[in-house]
Amino acid sequence: MESESDDFLDKYFSDNPENEEEYLKVLNPEQKAAVIHKGKSLLILAGAGSGKTRVITTKIAYLIKHLHTDPFSILAVTFTKKAASEMRQRAISLEEKSAYAQIQTFHSWGAYFLRKYSKRAGFFPDFTVYDDDDAVTLLTNAVPGLSRKQAAFFTHKISLAKDYCLTPESEILATIDDSPEFPDIYLAYEKKLRATGNVDFGDLIMLPYLILRDNPEIRHEIHRRYKVIMVDEYQDSNVAQFKLLEMLSGVQENAGTYVCVVGDDDQSIYKFRGAEVQNILNFQKQFPGTDVIKLETNYRSTSEILACAGSVVKNNSSRLGKNLISARGKGKIPALIFLPNQDDETDFCADLITNTHEKGVPYSEWAILYRTNAQSLGFESTLLHKKIPYVIVGSLKFYEREEIKDAISCLKFIVNPKDEVSFQRIINKPVRGIGESSQKKIIAEASAVSILDALGKVTLQKKAQKGFTEFCETYNSLVNLLPFRIDPKTDSKDGNSTQDKKLSAFVDEVIRLFGLEDFHRCQDEVSGSQKIANLQELINSAVLYEYSKKGLLDFLDHIELDRTLETDASGEESDCVTLITVHNTKGLEFPRVIITGMEHGVFPRENKTKEETEEERRLFYVGITRAQNELYFTSCSCRRLYGRTSYMEPSPFLNELDYSNVRVLGEKPSSFNSKPSASDDPIALEYKKGTSVYHDDYGHGVIVSAQYSEEGDWVVKVNFETGTIKRFLPKYQKKSLLVEKE
DNA sequence: CCCGTCGTTATTTTT
DNA sequence: TAACGACGGG
């Protein structure tokens, strides 16, 4: 999603292929410098909306066209499939040989590498990828004592450990989690995972790194192949990805690979998932002699919007420092609106949108941003009620639906019959009389090749025996349907001519023969038909793949490594307001943006460390810089939170805005910039947050929150040692609520 | 094996 | 508040 001008430029120049040099002339001097740069490594610090994708794609085209780089030797990695496909398309439109460059996500490259080198690295080639949910099930199997909740906790930790490239043996594993059992749990998980032959997300990065590190021969082969490596959104790379990049590029062996990373340290918002800002901050050290080019001209937003963004982000300490300058000039002043409560907030947004819509502004120009998914609920019901069309981006995901996961498990199990997680998911769906204990028995007796080898070895109850036998028969007949060995001459690249049969026919067969279709149809009348429709959609999406084992593996990779895209592929171009979390807006832009819930505790969430607050601030920065023309902030003085209605303080980030540049509307809460200021109110000074108090009826306690109410009264919330939480108006309670002197 | 009820617990989530 | 998991009864 880039600006209209980019679209125009793309089209304009793809229509003028003979005008070779023109595509460089449209760049500003910094962009051009970044494109033609060569030799040393390059760090491109690309501010929001500074045309970063344009630079990367032009660079790829330039490398091929002017420097005669073999496209086969170019690797460009991104973090999302969406970014990858956009990059590939735009690069191809500039230079069609870009189609032969490897432009894909980090993880799909990892899968490609593991399959390619599996033999030489002594690795199972027909792996499929376990998602987080599967991993939890696997861990439950690996460590029998764990409850599902505990398993989820440790699975998360294991995945974090892999993000930091730490093995179970690592001495600094305690930095991830210091519970004494963690290394053993991690080790048990790894053993179980290797036994199934499958991999998890973390493995797709960490295993290629380990293989490259330990196999000089493969490493050198890789170095001979890749002459140029580019990484997009580098601020979101994790430690494992850095190590992989280091190994791939051979920087320590002077392999001569040209490395170019692009990112914006101010937009690093995935620390909680293992992203490491230090990667971009330290890049110049790790890749000696790196040149740095800053892209600071912003083509997206008006200068007022950028002024907001700048005044906020300057409060962060560890940054490389950038200053965005608007190429678009002045526009409308952003507005901050104070509202009594969240219902007024949703009403306000709806009315604002309706009002402009009546004046001809399409709904699709609007995006409503919020910090947490839970906040979308109110907007949904209001918009529904007021008949404003909307889309929610990124909530319920197609591939996380039960029936889809079931079907995928069937497919995964067919590829890899050692996959006990998928086996457990499908064996008793529909009911085959194989309960938990029978499943355990079967898995225990399974051979290293297949779980089905347990047939004949285990003694089960009559019903279970029959069910298992039938299951095995179904499995075998399905496997026989699929040509496992394909003609090596039939390359997948342009192979829709030779074989007419599509993988969708196979997927259809699998779903039917395993009884999934009937199972979900019978479950319940209403949701059943939706489930059948979803299964049908899955079947349809397999039409693009060849009817072979390789086609099936490709299909599964595609699903596991790209779980977002498919939903909007149905081609709905209708005019809708976008409801979206701030995290999900990265890389997007909208003409009009409302950032909602600007309250302390909501945005930012109650964070403790300075680091976390800085990440929240960057998140706010990302939100602001999505807006092209109009920007609104809303803040409520009251909000229902966890079933309680609480008084809210305005977000501290709002104090960082420059109010010569922001219009403030609505009733300002007393604690915001106005009269009853806490700094000269004796009651407020005495009853502050954190103060210890004593109450005759409730005992000792601590003030956990203190602020002015709508009526202008100072309200404190006290958490007593007994565990009860009470609210008081100190004005009237001075006698019974005593401040304890230290 | 399914369903109701009680208790617990609340981020963000590219792959 | 609401949603989900754990548990127990029919």
# chains A, B, ... in the order shown; residues from 1 in each chain; ligands from 1
>>> select_by_dssp(residues="stretch 331-565 of chain A", states="alpha helix (DSSP H)", output="PyMOL selection string")
chain A and resi 342-358+376-385+402-415+420-426+436-445+462-481+503-513+516-523+525-541+549-561
>>> closest_atom_pairs(of="chain C", to="stretch 3-8 of chain B", cutoff="9 Å", atoms="only C-alpha atoms (C1' of nucleotides)", output="Markdown table")
| residue | atom | partner | partner_atom | distance |
| --- | --- | --- | --- | --- |
| C:DG5 | C1' | B:DT8 | C1' | 8.6 |
| C:DA6 | C1' | B:DG7 | C1' | 8.8 |
| C:DC7 | C1' | B:DC6 | C1' | 8.9 |
| C:DG10 | C1' | B:DC3 | C1' | 8.9 |
>>> residues_around(residues="B:DT11", least_positions_apart="4", cutoff="9 Å", atoms="only C-alpha atoms (C1' of nucleotides)", output="MDAnalysis selection string")
chainID A and resid 371:373 605
>>> atom_distance(atom1="atom CA of A:Arg54", atom2="atom CA of A:Leu94")
10.2 Å
>>> interface_residues(of="chain A", to="chain B", cutoff="8 Å", atoms="only C-alpha atoms (C1' of nucleotides)", output="number ranges by chain")
A: 79-80, 107, 201, 273, 371-372, 561-562, 583, 605, 642
>>> interface_residues(of="chain A", to="chain C", cutoff="8 Å", atoms="only C-alpha atoms (C1' of nucleotides)", output="count of residues only")
4
>>> residues_around(residues="A:Lys457", least_positions_apart="4", cutoff="12 Å", atoms="only C-alpha atoms (C1' of nucleotides)", output="number ranges by chain")
A: 441-447, 451-453, 465, 468-469
>>> select_by_dssp(residues="stretch 197-321 of chain A", states="strand (DSSP E)", output="list in words")
Val199, Asp200, Val228, Ile229, Met230, Val231, Tyr258, Val259, Cys260, Val261, Val262, Gly263, Asp291, Val292, Ile293, Lys294, Leu295, Thr297 and Asn298 of chain A
>>> residues_around(residues="A:Ser422", least_positions_apart="3", cutoff="7 Å", atoms="only C-alpha atoms (C1' of nucleotides)", output="list in words")
Ser409, Cys410, Lys412, Phe413, Asp419, Arg425 and Ile426 of chain A
>>> write_last_selection(atoms="all heavy atoms", output="CSV table (one decimal), in the first residue's frame")
chain,number,residue,atom,x,y,z
A,409,SER,N,-4.5,-30.3,9.1
A,409,SER,CA,-3.9,-31.4,9.9
A,409,SER,C,-3.9,-32.7,9.0
A,409,SER,O,-3.0,-33.5,9.0
A,409,SER,CB,-4.6,-31.6,11.2
A,409,SER,OG,-4.2,-30.5,12.1
A,410,CYS,N,-5.0,-32.9,8.4
A,410,CYS,CA,-5.2,-34.1,7.5
A,410,CYS,C,-4.1,-34.1,6.5
A,410,CYS,O,-3.4,-35.1,6.3
A,410,CYS,CB,-6.5,-34.2,6.8
A,410,CYS,SG,-7.9,-34.5,7.9
A,412,LYS,N,-1.3,-32.4,6.4
A,412,LYS,CA,0.1,-32.5,7.0
A,412,LYS,C,0.4,-33.9,7.4
A,412,LYS,O,1.5,-34.4,7.2
A,412,LYS,CB,0.1,-31.6,8.3
A,412,LYS,CG,0.4,-30.1,8.0
A,412,LYS,CD,0.0,-29.3,9.3
A,412,LYS,CE,1.2,-28.6,9.8
A,412,LYS,NZ,0.8,-27.7,11.0
A,413,PHE,N,-0.6,-34.6,7.9
A,413,PHE,CA,-0.4,-36.0,8.3
A,413,PHE,C,-0.1,-36.9,7.1
A,413,PHE,O,0.6,-37.8,7.2
A,413,PHE,CB,-1.6,-36.5,9.1
A,413,PHE,CG,-1.4,-37.8,9.7
A,413,PHE,CD1,-0.5,-38.0,10.7
A,413,PHE,CD2,-2.0,-39.0,9.2
A,413,PHE,CE1,-0.2,-39.3,11.2
A,413,PHE,CE2,-1.8,-40.2,9.7
A,413,PHE,CZ,-0.9,-40.4,10.7
A,419,ASP,N,3.7,-37.2,12.2
A,419,ASP,CA,3.2,-35.9,12.9
A,419,ASP,C,2.1,-36.3,13.9
A,419,ASP,O,0.9,-36.3,13.5
A,419,ASP,CB,2.7,-35.0,11.7
A,419,ASP,CG,2.2,-33.7,12.3
A,419,ASP,OD1,2.0,-33.6,13.5
A,419,ASP,OD2,1.9,-32.8,11.5
A,425,ARG,N,-5.2,-34.5,16.3
A,425,ARG,CA,-6.2,-33.6,16.0
A,425,ARG,C,-7.3,-34.3,15.2
A,425,ARG,O,-8.5,-33.9,15.3
A,425,ARG,CB,-5.6,-32.4,15.2
A,425,ARG,CG,-6.6,-31.3,15.2
A,425,ARG,CD,-6.1,-30.1,14.5
A,425,ARG,NE,-7.2,-29.1,14.4
A,425,ARG,CZ,-7.4,-28.2,15.2
A,425,ARG,NH1,-6.6,-27.9,16.2
A,425,ARG,NH2,-8.5,-27.4,15.1
A,426,ILE,N,-6.9,-35.2,14.3
A,426,ILE,CA,-7.9,-35.7,13.4
A,426,ILE,C,-8.4,-37.1,13.7
A,426,ILE,O,-9.5,-37.5,13.1
A,426,ILE,CB,-7.4,-35.7,11.9
A,426,ILE,CG1,-6.1,-36.5,11.8
A,426,ILE,CG2,-7.1,-34.3,11.5
A,426,ILE,CD1,-5.5,-36.6,10.4
